[in-house]
Amino acid sequence: MRLVVNARMYSATPAVKAAWQALFGWVSANSGIELDYVDHAAPAPLETLWARDDLGAVLMCGFPFASAAERPWLLAAPVPSSARYAARPQYCTDFIVRADGPFVTLQNTFGGRIGWTVTHSQSGYNAVRHHFAELDSVPGYARWTGPLITPRRVIDAIIDGTIDVGPLDSWFHDLLKRHAPDVASRIRVVASTEMAPIPPLVASRSIDADIVSQLRQSLLTCHTAQAMIATLDTLLLSRFAAVDAGDYQVLTSWAHDADARGVFAPG
């Protein structure tokens, strides 16, 4: 059985997508498991990808993973190489505004227009609501604009003035700064959320446990391979780390707290 792989969530540019394909190619060769990269481009819902029964290694947002009635196999989680992540499998959400705009702090945007991606997104929705739920009083915005679906559409909405502030996955932001500086230079960070467990690579629950173990071992050791040094550098990754399903439960707690505080929920 040939299994599929995908890293759409962090394929920030064509060069980054190619690096993911190279990584999965190495994992396939190292593990002896046949893997096929499948394109699942936006606006195709990520939920339909995650629901497939032939996933070999696919990045899945931590919030829907924690919320799933039947969770897929956890393989490993990325450890971004930037010092801000403290060598741990974590990330955050950057609140971004136009680089040439008037906003200096997140508080300056209160009362304005804020964007969001999709309701199952940790970085583009859940983290935003949690951040506001932790404040002394929940800020009001004139409009919550969404679903914008992808980080790039959030950036486009910031640049064209559709919204004043929006959420951007910090690792995706890092990749843009490295590989698309012309885009990254047009936005500016005014605040960031606290760190959260980063989206893991998962496999379908129907996959044999021995295959899962082989894939996991290849991911956990890829940083030791000379052939992977340049690829991991392109991806701004230091390694992959073993994680536990319980690590992600905090994300559902954040959602419940935001609901209790009455932070925006569409519909």
# chains A, B, ... in the order shown; residues from 1 in each chain; ligands from 1

call {"tool": "residues_around", "arguments": {"residues": "A:Phe103", "least_positions_apart": "4", "cutoff": "9 Å", "atoms": "only C-alpha atoms", "output": "PyMOL selection string"}}
result
chain A and resi 97-99+107-109+164-165+190

call {"tool": "residues_around", "arguments": {"residues": "A:Val16", "least_positions_apart": "5", "cutoff": "8 Å", "atoms": "only C-alpha atoms", "output": "PDB file with all heavy atoms, in the first residue's frame"}}
result
ATOM      1  N   TYR A  10       2.876  24.241   5.801  1.00  0.00           N
ATOM      2  CA  TYR A  10       4.125  24.990   5.885  1.00  0.00           C
ATOM      3  C   TYR A  10       4.880  25.024   4.559  1.00  0.00           C
ATOM      4  O   TYR A  10       6.090  25.198   4.541  1.00  0.00           O
ATOM      5  CB  TYR A  10       5.005  24.414   7.003  1.00  0.00           C
ATOM      6  CG  TYR A  10       4.426  24.702   8.373  1.00  0.00           C
ATOM      7  CD1 TYR A  10       3.732  23.718   9.059  1.00  0.00           C
ATOM      8  CD2 TYR A  10       4.547  25.961   8.948  1.00  0.00           C
ATOM      9  CE1 TYR A  10       3.171  23.988  10.313  1.00  0.00           C
ATOM     10  CE2 TYR A  10       3.994  26.234  10.187  1.00  0.00           C
ATOM     11  CZ  TYR A  10       3.307  25.249  10.866  1.00  0.00           C
ATOM     12  OH  TYR A  10       2.756  25.520  12.100  1.00  0.00           O
ATOM     13  N   SER A  11       4.166  24.901   3.467  1.00  0.00           N
ATOM     14  CA  SER A  11       4.769  25.066   2.146  1.00  0.00           C
ATOM     15  C   SER A  11       4.643  26.535   1.747  1.00  0.00           C
ATOM     16  O   SER A  11       3.893  26.902   0.837  1.00  0.00           O
ATOM     17  CB  SER A  11       4.095  24.143   1.132  1.00  0.00           C
ATOM     18  OG  SER A  11       4.354  22.794   1.438  1.00  0.00           O
ATOM     19  N   LEU A 175       9.527  31.246   7.782  1.00  0.00           N
ATOM     20  CA  LEU A 175       9.817  30.751   6.443  1.00  0.00           C
ATOM     21  C   LEU A 175       9.664  31.849   5.398  1.00  0.00           C
ATOM     22  O   LEU A 175      10.452  31.936   4.454  1.00  0.00           O
ATOM     23  CB  LEU A 175       8.913  29.557   6.118  1.00  0.00           C
ATOM     24  CG  LEU A 175       9.226  28.275   6.898  1.00  0.00           C
ATOM     25  CD1 LEU A 175       8.067  27.289   6.798  1.00  0.00           C
ATOM     26  CD2 LEU A 175      10.517  27.640   6.398  1.00  0.00           C
ATOM     27  N   HIS A 179      12.492  33.044   2.844  1.00  0.00           N
ATOM     28  CA  HIS A 179      12.337  32.686   1.437  1.00  0.00           C
ATOM     29  C   HIS A 179      11.491  33.663   0.611  1.00  0.00           C
ATOM     30  O   HIS A 179      11.504  33.571  -0.620  1.00  0.00           O
ATOM     31  CB  HIS A 179      11.731  31.287   1.337  1.00  0.00           C
ATOM     32  CG  HIS A 179      12.574  30.228   1.968  1.00  0.00           C
ATOM     33  ND1 HIS A 179      13.748  29.771   1.401  1.00  0.00           N
ATOM     34  CD2 HIS A 179      12.423  29.542   3.137  1.00  0.00           C
ATOM     35  CE1 HIS A 179      14.275  28.845   2.179  1.00  0.00           C
ATOM     36  NE2 HIS A 179      13.497  28.684   3.237  1.00  0.00           N
ATOM     37  N   THR A 234      16.735  24.703   4.949  1.00  0.00           N
ATOM     38  CA  THR A 234      15.717  25.366   4.130  1.00  0.00           C
ATOM     39  C   THR A 234      14.393  25.458   4.883  1.00  0.00           C
ATOM     40  O   THR A 234      13.683  26.470   4.804  1.00  0.00           O
ATOM     41  CB  THR A 234      15.512  24.604   2.811  1.00  0.00           C
ATOM     42  OG1 THR A 234      16.731  24.631   2.059  1.00  0.00           O
ATOM     43  CG2 THR A 234      14.393  25.223   1.978  1.00  0.00           C
ATOM     44  N   LEU A 235      14.075  24.400   5.617  1.00  0.00           N
ATOM     45  CA  LEU A 235      12.815  24.347   6.362  1.00  0.00           C
ATOM     46  C   LEU A 235      12.899  25.033   7.726  1.00  0.00           C
ATOM     47  O   LEU A 235      11.901  25.081   8.458  1.00  0.00           O
ATOM     48  CB  LEU A 235      12.394  22.893   6.565  1.00  0.00           C
ATOM     49  CG  LEU A 235      12.071  22.114   5.276  1.00  0.00           C
ATOM     50  CD1 LEU A 235      11.834  20.639   5.591  1.00  0.00           C
ATOM     51  CD2 LEU A 235      10.867  22.716   4.578  1.00  0.00           C
TER      52      LEU A 235
END

call {"tool": "atom_distance", "arguments": {"atom1": "atom CA of A:Ser123", "atom2": "atom CA of A:Asp169"}}
result
5.3 Å

call {"tool": "closest_residue", "arguments": {"among": "A:Ser81, A:Thr13, A:Ser204, A:Thr150", "to": "A:Ala44", "atoms": "only C-alpha atoms"}}
result
A:Thr150

call {"tool": "select_by_dssp", "arguments": {"residues": "stretch 182-252 of chain A", "states": "strand (DSSP E or B)", "output": "PDB file with N, CA and C atoms, in the first residue's frame"}}
result
ATOM      1  N   ILE A 187       4.830  43.432   6.193  1.00  0.00           N
ATOM      2  CA  ILE A 187       4.049  43.258   7.415  1.00  0.00           C
ATOM      3  C   ILE A 187       4.956  43.452   8.625  1.00  0.00           C
ATOM      4  N   ARG A 188       4.317  43.679   9.774  1.00  0.00           N
ATOM      5  CA  ARG A 188       5.057  43.954  11.009  1.00  0.00           C
ATOM      6  C   ARG A 188       4.316  43.315  12.170  1.00  0.00           C
ATOM      7  N   VAL A 189       5.061  42.795  13.147  1.00  0.00           N
ATOM      8  CA  VAL A 189       4.469  42.134  14.314  1.00  0.00           C
ATOM      9  C   VAL A 189       4.256  43.149  15.431  1.00  0.00           C
ATOM     10  N   VAL A 190       3.039  43.163  15.990  1.00  0.00           N
ATOM     11  CA  VAL A 190       2.754  44.066  17.111  1.00  0.00           C
ATOM     12  C   VAL A 190       2.564  43.306  18.424  1.00  0.00           C
ATOM     13  N   ALA A 191       2.417  41.994  18.354  1.00  0.00           N
ATOM     14  CA  ALA A 191       2.290  41.166  19.563  1.00  0.00           C
ATOM     15  C   ALA A 191       2.363  39.709  19.137  1.00  0.00           C
ATOM     16  N   SER A 192       2.617  38.841  20.098  1.00  0.00           N
ATOM     17  CA  SER A 192       2.620  37.402  19.844  1.00  0.00           C
ATOM     18  C   SER A 192       1.940  36.688  21.005  1.00  0.00           C
ATOM     19  N   ALA A 196       2.636  27.292  22.017  1.00  0.00           N
ATOM     20  CA  ALA A 196       1.705  26.167  22.040  1.00  0.00           C
ATOM     21  C   ALA A 196       2.356  24.982  21.338  1.00  0.00           C
ATOM     22  N   PRO A 197       1.859  23.768  21.579  1.00  0.00           N
ATOM     23  CA  PRO A 197       2.391  22.603  20.871  1.00  0.00           C
ATOM     24  C   PRO A 197       2.237  22.772  19.352  1.00  0.00           C
ATOM     25  N   LEU A 201       3.338  15.725  12.656  1.00  0.00           N
ATOM     26  CA  LEU A 201       3.127  14.839  11.521  1.00  0.00           C
ATOM     27  C   LEU A 201       2.353  13.628  12.019  1.00  0.00           C
ATOM     28  N   VAL A 202       1.316  13.252  11.280  1.00  0.00           N
ATOM     29  CA  VAL A 202       0.449  12.153  11.699  1.00  0.00           C
ATOM     30  C   VAL A 202       0.302  11.141  10.570  1.00  0.00           C
ATOM     31  N   ALA A 203      -0.150   9.955  10.927  1.00  0.00           N
ATOM     32  CA  ALA A 203      -0.473   8.890   9.972  1.00  0.00           C
ATOM     33  C   ALA A 203      -1.876   8.375  10.293  1.00  0.00           C
ATOM     34  N   LEU A 237      14.397  23.982  10.338  1.00  0.00           N
ATOM     35  CA  LEU A 237      14.143  22.918  11.309  1.00  0.00           C
ATOM     36  C   LEU A 237      15.450  22.423  11.896  1.00  0.00           C
ATOM     37  N   SER A 238      15.463  22.188  13.195  1.00  0.00           N
ATOM     38  CA  SER A 238      16.632  21.573  13.808  1.00  0.00           C
ATOM     39  C   SER A 238      16.496  20.054  13.854  1.00  0.00           C
ATOM     40  N   ARG A 239      15.250  19.563  14.066  1.00  0.00           N
ATOM     41  CA  ARG A 239      15.011  18.124  14.163  1.00  0.00           C
ATOM     42  C   ARG A 239      13.513  17.892  14.306  1.00  0.00           C
ATOM     43  N   PHE A 240      13.142  16.629  14.413  1.00  0.00           N
ATOM     44  CA  PHE A 240      11.788  16.246  14.804  1.00  0.00           C
ATOM     45  C   PHE A 240      11.865  15.609  16.192  1.00  0.00           C
ATOM     46  N   ALA A 241      10.839  15.840  16.991  1.00  0.00           N
ATOM     47  CA  ALA A 241      10.824  15.347  18.364  1.00  0.00           C
ATOM     48  C   ALA A 241       9.629  14.425  18.598  1.00  0.00           C
TER      49      ALA A 241
END

call {"tool": "residues_around", "arguments": {"residues": "A:Ile33", "least_positions_apart": "4", "cutoff": "12 Å", "atoms": "only C-alpha atoms", "output": "VMD selection string"}}
result
chain A and resid 1 to 5 24 to 29 55 to 57 207 to 208 210 to 218

call {"tool": "write_last_selection", "arguments": {"atoms": "N, CA, C and O atoms", "output": "tab-separated table (two decimals), in the first residue's frame"}}
result
chain	number	residue	atom	x	y	z
A	1	MET	N	0.85	-1.19	0.00
A	1	MET	CA	0.00	0.00	0.00
A	1	MET	C	0.88	1.25	0.00
A	1	MET	O	1.75	1.41	0.85
A	2	ARG	N	0.68	2.09	-0.98
A	2	ARG	CA	1.42	3.35	-1.04
A	2	ARG	C	0.71	4.38	-0.18
A	2	ARG	O	-0.52	4.52	-0.25
A	3	LEU	N	1.46	5.09	0.63
A	3	LEU	CA	0.89	6.07	1.54
A	3	LEU	C	1.19	7.48	1.04
A	3	LEU	O	2.17	7.71	0.33
A	4	VAL	N	0.36	8.42	1.43
A	4	VAL	CA	0.53	9.79	0.96
A	4	VAL	C	1.14	10.66	2.05
A	4	VAL	O	0.99	10.41	3.25
A	5	VAL	N	1.85	11.68	1.59
A	5	VAL	CA	2.47	12.67	2.49
A	5	VAL	C	2.09	14.05	1.99
A	5	VAL	O	1.80	14.25	0.81
A	24	PHE	N	10.53	14.10	2.63
A	24	PHE	CA	9.69	12.90	2.59
A	24	PHE	C	10.32	11.82	1.69
A	24	PHE	O	10.16	10.63	1.95
A	25	GLY	N	11.03	12.25	0.65
A	25	GLY	CA	11.73	11.29	-0.19
A	25	GLY	C	12.80	10.55	0.59
A	25	GLY	O	12.96	9.33	0.45
A	26	TRP	N	13.53	11.28	1.44
A	26	TRP	CA	14.54	10.64	2.27
A	26	TRP	C	13.90	9.69	3.28
A	26	TRP	O	14.39	8.58	3.50
A	27	VAL	N	12.81	10.12	3.90
A	27	VAL	CA	12.11	9.27	4.87
A	27	VAL	C	11.63	7.99	4.20
A	27	VAL	O	11.74	6.90	4.78
A	28	SER	N	11.12	8.10	2.98
A	28	SER	CA	10.66	6.93	2.25
A	28	SER	C	11.81	5.95	2.01
A	28	SER	O	11.69	4.75	2.27
A	29	ALA	N	12.94	6.48	1.53
A	29	ALA	CA	14.09	5.64	1.24
A	29	ALA	C	14.66	5.02	2.51
A	29	ALA	O	15.04	3.84	2.54
A	55	LEU	N	-2.90	8.07	4.97
A	55	LEU	CA	-1.89	9.07	5.33
A	55	LEU	C	-0.65	8.40	5.90
A	55	LEU	O	-0.72	7.65	6.87
A	56	GLY	N	0.49	8.70	5.29
A	56	GLY	CA	1.75	8.18	5.80
A	56	GLY	C	2.46	9.17	6.70
A	56	GLY	O	3.02	8.82	7.73
A	57	ALA	N	2.43	10.44	6.31
A	57	ALA	CA	3.02	11.51	7.12
A	57	ALA	C	2.46	12.84	6.60
A	57	ALA	O	2.85	13.30	5.53
A	207	ILE	N	-3.27	2.55	9.52
A	207	ILE	CA	-1.95	2.08	9.10
A	207	ILE	C	-1.38	1.14	10.17
A	207	ILE	O	-1.52	1.37	11.38
A	208	ASP	N	-0.70	0.10	9.72
A	208	ASP	CA	-0.10	-0.88	10.63
A	208	ASP	C	0.91	-0.22	11.57
A	208	ASP	O	1.68	0.65	11.16
A	210	ASP	N	3.62	-1.26	12.86
A	210	ASP	CA	5.04	-1.44	12.50
A	210	ASP	C	5.47	-0.41	11.47
A	210	ASP	O	6.59	0.11	11.52
A	211	ILE	N	4.59	-0.11	10.53
A	211	ILE	CA	4.90	0.92	9.52
A	211	ILE	C	5.02	2.28	10.19
A	211	ILE	O	5.93	3.06	9.90
A	212	VAL	N	4.11	2.55	11.10
A	212	VAL	CA	4.15	3.81	11.84
A	212	VAL	C	5.48	3.94	12.58
A	212	VAL	O	6.12	5.00	12.58
A	213	SER	N	5.92	2.86	13.21
A	213	SER	CA	7.18	2.87	13.95
A	213	SER	C	8.36	3.16	13.03
A	213	SER	O	9.28	3.92	13.39
A	214	GLN	N	8.38	2.57	11.84
A	214	GLN	CA	9.46	2.81	10.89
A	214	GLN	C	9.49	4.26	10.42
A	214	GLN	O	10.56	4.87	10.32
A	215	LEU	N	8.32	4.81	10.13
A	215	LEU	CA	8.24	6.20	9.70
A	215	LEU	C	8.68	7.13	10.82
A	215	LEU	O	9.43	8.10	10.60
A	216	ARG	N	8.21	6.85	12.02
A	216	ARG	CA	8.56	7.69	13.17
A	216	ARG	C	10.08	7.68	13.40
A	216	ARG	O	10.69	8.74	13.62
A	217	GLN	N	10.68	6.51	13.34
A	217	GLN	CA	12.12	6.41	13.57
A	217	GLN	C	12.90	7.19	12.52
A	217	GLN	O	13.90	7.85	12.84
A	218	SER	N	12.47	7.14	11.28
A	218	SER	CA	13.16	7.89	10.23
A	218	SER	C	13.07	9.39	10.46
A	218	SER	O	14.05	10.13	10.29

call {"tool": "atom_distance", "arguments": {"atom1": "atom CA of A:Ala42", "atom2": "atom CA of A:Arg88"}}
result
28.6 Å

call {"tool": "select_by_dssp", "arguments": {"residues": "stretch 178-229 of chain A", "states": "alpha helix (DSSP H)", "output": "ChimeraX atom specification"}}
result
/A:178-179,181-184,209-221,229

call {"tool": "write_last_selection", "arguments": {"atoms": "N, CA and C atoms", "output": "tab-separated table (two decimals), in the first residue's frame"}}
result
chain	number	residue	atom	x	y	z
A	178	ARG	N	12.66	34.16	5.46
A	178	ARG	CA	13.84	33.56	4.81
A	178	ARG	C	13.67	33.49	3.29
A	179	HIS	N	12.49	33.04	2.84
A	179	HIS	CA	12.34	32.69	1.44
A	179	HIS	C	11.49	33.66	0.61
A	181	PRO	N	11.31	37.43	1.41
A	181	PRO	CA	11.51	38.67	2.18
A	181	PRO	C	10.75	39.86	1.62
A	182	ASP	N	10.46	39.84	0.33
A	182	ASP	CA	9.69	40.93	-0.27
A	182	ASP	C	8.28	40.98	0.29
A	183	VAL	N	7.71	39.81	0.58
A	183	VAL	CA	6.38	39.74	1.20
A	183	VAL	C	6.47	40.06	2.69
A	184	ALA	N	7.41	39.42	3.36
A	184	ALA	CA	7.55	39.60	4.81
A	184	ALA	C	7.84	41.05	5.18
A	209	ALA	N	0.90	-0.64	12.82
A	209	ALA	CA	1.75	-0.02	13.84
A	209	ALA	C	3.24	-0.16	13.51
A	210	ASP	N	3.62	-1.26	12.86
A	210	ASP	CA	5.04	-1.44	12.50
A	210	ASP	C	5.47	-0.41	11.47
A	211	ILE	N	4.59	-0.11	10.53
A	211	ILE	CA	4.90	0.92	9.52
A	211	ILE	C	5.02	2.28	10.19
A	212	VAL	N	4.11	2.55	11.10
A	212	VAL	CA	4.15	3.81	11.84
A	212	VAL	C	5.48	3.94	12.58
A	213	SER	N	5.92	2.86	13.21
A	213	SER	CA	7.18	2.87	13.95
A	213	SER	C	8.36	3.16	13.03
A	214	GLN	N	8.38	2.57	11.84
A	214	GLN	CA	9.46	2.81	10.89
A	214	GLN	C	9.49	4.26	10.42
A	215	LEU	N	8.32	4.81	10.13
A	215	LEU	CA	8.24	6.20	9.70
A	215	LEU	C	8.68	7.13	10.82
A	216	ARG	N	8.21	6.85	12.02
A	216	ARG	CA	8.56	7.69	13.17
A	216	ARG	C	10.08	7.68	13.40
A	217	GLN	N	10.68	6.51	13.34
A	217	GLN	CA	12.12	6.41	13.57
A	217	GLN	C	12.90	7.19	12.52
A	218	SER	N	12.47	7.14	11.28
A	218	SER	CA	13.16	7.89	10.23
A	218	SER	C	13.07	9.39	10.46
A	219	LEU	N	11.91	9.85	10.88
A	219	LEU	CA	11.74	11.28	11.16
A	219	LEU	C	12.60	11.71	12.35
A	220	LEU	N	12.63	10.89	13.38
A	220	LEU	CA	13.37	11.26	14.60
A	220	LEU	C	14.88	11.25	14.40
A	221	THR	N	15.34	10.60	13.35
A	221	THR	CA	16.79	10.51	13.13
A	221	THR	C	17.26	11.27	11.90
A	229	ILE	N	21.05	17.92	5.88
A	229	ILE	CA	21.45	19.18	6.50
A	229	ILE	C	20.89	20.38	5.74

call {"tool": "closest_residue", "arguments": {"among": "A:Thr231, A:Met9, A:Arg71, A:Gly161", "to": "A:Gln122", "atoms": "only C-alpha atoms"}}
result
A:Met9

call {"tool": "atom_distance", "arguments": {"atom1": "atom CA of A:Asp136", "atom2": "atom CA of A:Ala255"}}
result
17.2 Å

call {"tool": "closest_residue", "arguments": {"among": "A:Val79, A:Leu59, A:Ile198, A:Pro72", "to": "A:His223", "atoms": "only C-alpha atoms"}}
result
A:Val79

call {"tool": "closest_residue", "arguments": {"among": "A:Arg205, A:Pro167, A:Pro102, A:Tyr85", "to": "A:Asp54", "atoms": "only C-alpha atoms"}}
result
A:Arg205

call {"tool": "closest_residue", "arguments": {"among": "A:Pro200, A:Pro80, A:Pro147, A:Pro45", "to": "A:Gly124", "atoms": "only C-alpha atoms"}}
result
A:Pro147

call {"tool": "closest_residue", "arguments": {"among": "A:Glu134, A:Ile155, A:Met228, A:Leu148", "to": "A:Asn30", "atoms": "only C-alpha atoms"}}
result
A:Met228

call {"tool": "decode", "arguments": {"residues": "stretch 112-123 of chain A", "atoms": "all heavy atoms", "output": "mmCIF file, in the first residue's frame"}}
result
data_model
loop_
_atom_site.group_PDB
_atom_site.id
_atom_site.type_symbol
_atom_site.label_atom_id
_atom_site.label_comp_id
_atom_site.auth_asym_id
_atom_site.auth_seq_id
_atom_site.Cartn_x
_atom_site.Cartn_y
_atom_site.Cartn_z
ATOM 1 N N GLY A 112 -11.000 47.997 15.624
ATOM 2 C CA GLY A 112 -10.846 47.935 14.174
ATOM 3 C C GLY A 112 -11.322 46.615 13.594
ATOM 4 O O GLY A 112 -12.286 46.017 14.069
ATOM 5 N N ARG A 113 -10.595 46.137 12.581
ATOM 6 C CA ARG A 113 -10.995 44.935 11.853
ATOM 7 C C ARG A 113 -9.893 43.881 11.998
ATOM 8 O O ARG A 113 -8.735 44.150 11.699
ATOM 9 C CB ARG A 113 -11.209 45.259 10.374
ATOM 10 C CG ARG A 113 -12.268 46.350 10.132
ATOM 11 C CD ARG A 113 -12.062 46.989 8.768
ATOM 12 N NE ARG A 113 -10.729 47.599 8.685
ATOM 13 C CZ ARG A 113 -10.155 47.994 7.538
ATOM 14 N NH1 ARG A 113 -10.805 47.859 6.397
ATOM 15 N NH2 ARG A 113 -8.950 48.527 7.546
ATOM 16 N N ILE A 114 -10.282 42.691 12.439
ATOM 17 C CA ILE A 114 -9.329 41.610 12.633
ATOM 18 C C ILE A 114 -9.713 40.422 11.756
ATOM 19 O O ILE A 114 -10.903 40.167 11.536
ATOM 20 C CB ILE A 114 -9.261 41.189 14.123
ATOM 21 C CG1 ILE A 114 -8.145 40.164 14.355
ATOM 22 C CG2 ILE A 114 -10.603 40.679 14.620
ATOM 23 C CD1 ILE A 114 -7.853 39.897 15.828
ATOM 24 N N GLY A 115 -8.726 39.709 11.263
ATOM 25 C CA GLY A 115 -9.000 38.548 10.431
ATOM 26 C C GLY A 115 -8.804 37.242 11.181
ATOM 27 O O GLY A 115 -8.174 37.200 12.234
ATOM 28 N N TRP A 116 -9.343 36.172 10.624
ATOM 29 C CA TRP A 116 -9.135 34.836 11.150
ATOM 30 C C TRP A 116 -9.181 33.855 9.980
ATOM 31 O O TRP A 116 -9.714 34.168 8.917
ATOM 32 C CB TRP A 116 -10.168 34.455 12.221
ATOM 33 C CG TRP A 116 -11.605 34.586 11.813
ATOM 34 C CD1 TRP A 116 -12.357 35.730 11.756
ATOM 35 C CD2 TRP A 116 -12.475 33.528 11.381
ATOM 36 N NE1 TRP A 116 -13.635 35.461 11.328
ATOM 37 C CE2 TRP A 116 -13.736 34.113 11.092
ATOM 38 C CE3 TRP A 116 -12.325 32.157 11.221
ATOM 39 C CZ2 TRP A 116 -14.828 33.367 10.639
ATOM 40 C CZ3 TRP A 116 -13.409 31.410 10.785
ATOM 41 C CH2 TRP A 116 -14.643 32.026 10.504
ATOM 42 N N THR A 117 -8.580 32.676 10.157
ATOM 43 C CA THR A 117 -8.476 31.730 9.041
ATOM 44 C C THR A 117 -9.663 30.766 9.004
ATOM 45 O O THR A 117 -10.578 30.929 8.198
ATOM 46 C CB THR A 117 -7.150 30.961 9.115
ATOM 47 O OG1 THR A 117 -7.028 30.315 10.393
ATOM 48 C CG2 THR A 117 -5.967 31.888 8.881
ATOM 49 N N VAL A 118 -9.651 29.752 9.839
ATOM 50 C CA VAL A 118 -10.753 28.790 9.942
ATOM 51 C C VAL A 118 -10.922 28.430 11.417
ATOM 52 O O VAL A 118 -9.982 28.535 12.204
ATOM 53 C CB VAL A 118 -10.480 27.500 9.118
ATOM 54 C CG1 VAL A 118 -10.603 27.766 7.634
ATOM 55 C CG2 VAL A 118 -9.116 26.913 9.450
ATOM 56 N N THR A 119 -12.099 27.983 11.775
ATOM 57 C CA THR A 119 -12.383 27.752 13.198
ATOM 58 C C THR A 119 -11.627 26.567 13.777
ATOM 59 O O THR A 119 -11.503 26.461 14.995
ATOM 60 C CB THR A 119 -13.885 27.542 13.444
ATOM 61 O OG1 THR A 119 -14.353 26.455 12.630
ATOM 62 C CG2 THR A 119 -14.667 28.798 13.104
ATOM 63 N N HIS A 120 -11.110 25.671 12.929
ATOM 64 C CA HIS A 120 -10.335 24.541 13.463
ATOM 65 C C HIS A 120 -8.848 24.853 13.548
ATOM 66 O O HIS A 120 -8.054 23.978 13.921
ATOM 67 C CB HIS A 120 -10.570 23.266 12.643
ATOM 68 C CG HIS A 120 -10.135 23.365 11.206
ATOM 69 N ND1 HIS A 120 -8.815 23.492 10.829
ATOM 70 C CD2 HIS A 120 -10.861 23.348 10.065
ATOM 71 C CE1 HIS A 120 -8.738 23.537 9.516
ATOM 72 N NE2 HIS A 120 -9.962 23.460 9.028
ATOM 73 N N SER A 121 -8.452 26.069 13.219
ATOM 74 C CA SER A 121 -7.032 26.418 13.234
ATOM 75 C C SER A 121 -6.586 26.867 14.620
ATOM 76 O O SER A 121 -7.231 27.699 15.254
ATOM 77 C CB SER A 121 -6.760 27.547 12.238
ATOM 78 O OG SER A 121 -5.437 28.031 12.378
ATOM 79 N N GLN A 122 -5.461 26.326 15.076
ATOM 80 C CA GLN A 122 -4.871 26.803 16.327
ATOM 81 C C GLN A 122 -4.268 28.196 16.142
ATOM 82 O O GLN A 122 -4.604 29.134 16.849
ATOM 83 C CB GLN A 122 -3.807 25.825 16.825
ATOM 84 C CG GLN A 122 -2.955 26.321 17.986
ATOM 85 C CD GLN A 122 -3.757 26.681 19.223
ATOM 86 O OE1 GLN A 122 -4.844 26.139 19.438
ATOM 87 N NE2 GLN A 122 -3.239 27.573 20.036
ATOM 88 N N SER A 123 -3.380 28.347 15.172
ATOM 89 C CA SER A 123 -2.670 29.616 15.009
ATOM 90 C C SER A 123 -3.561 30.721 14.475
ATOM 91 O O SER A 123 -3.388 31.890 14.829
ATOM 92 C CB SER A 123 -1.465 29.440 14.077
ATOM 93 O OG SER A 123 -1.873 29.028 12.789
#
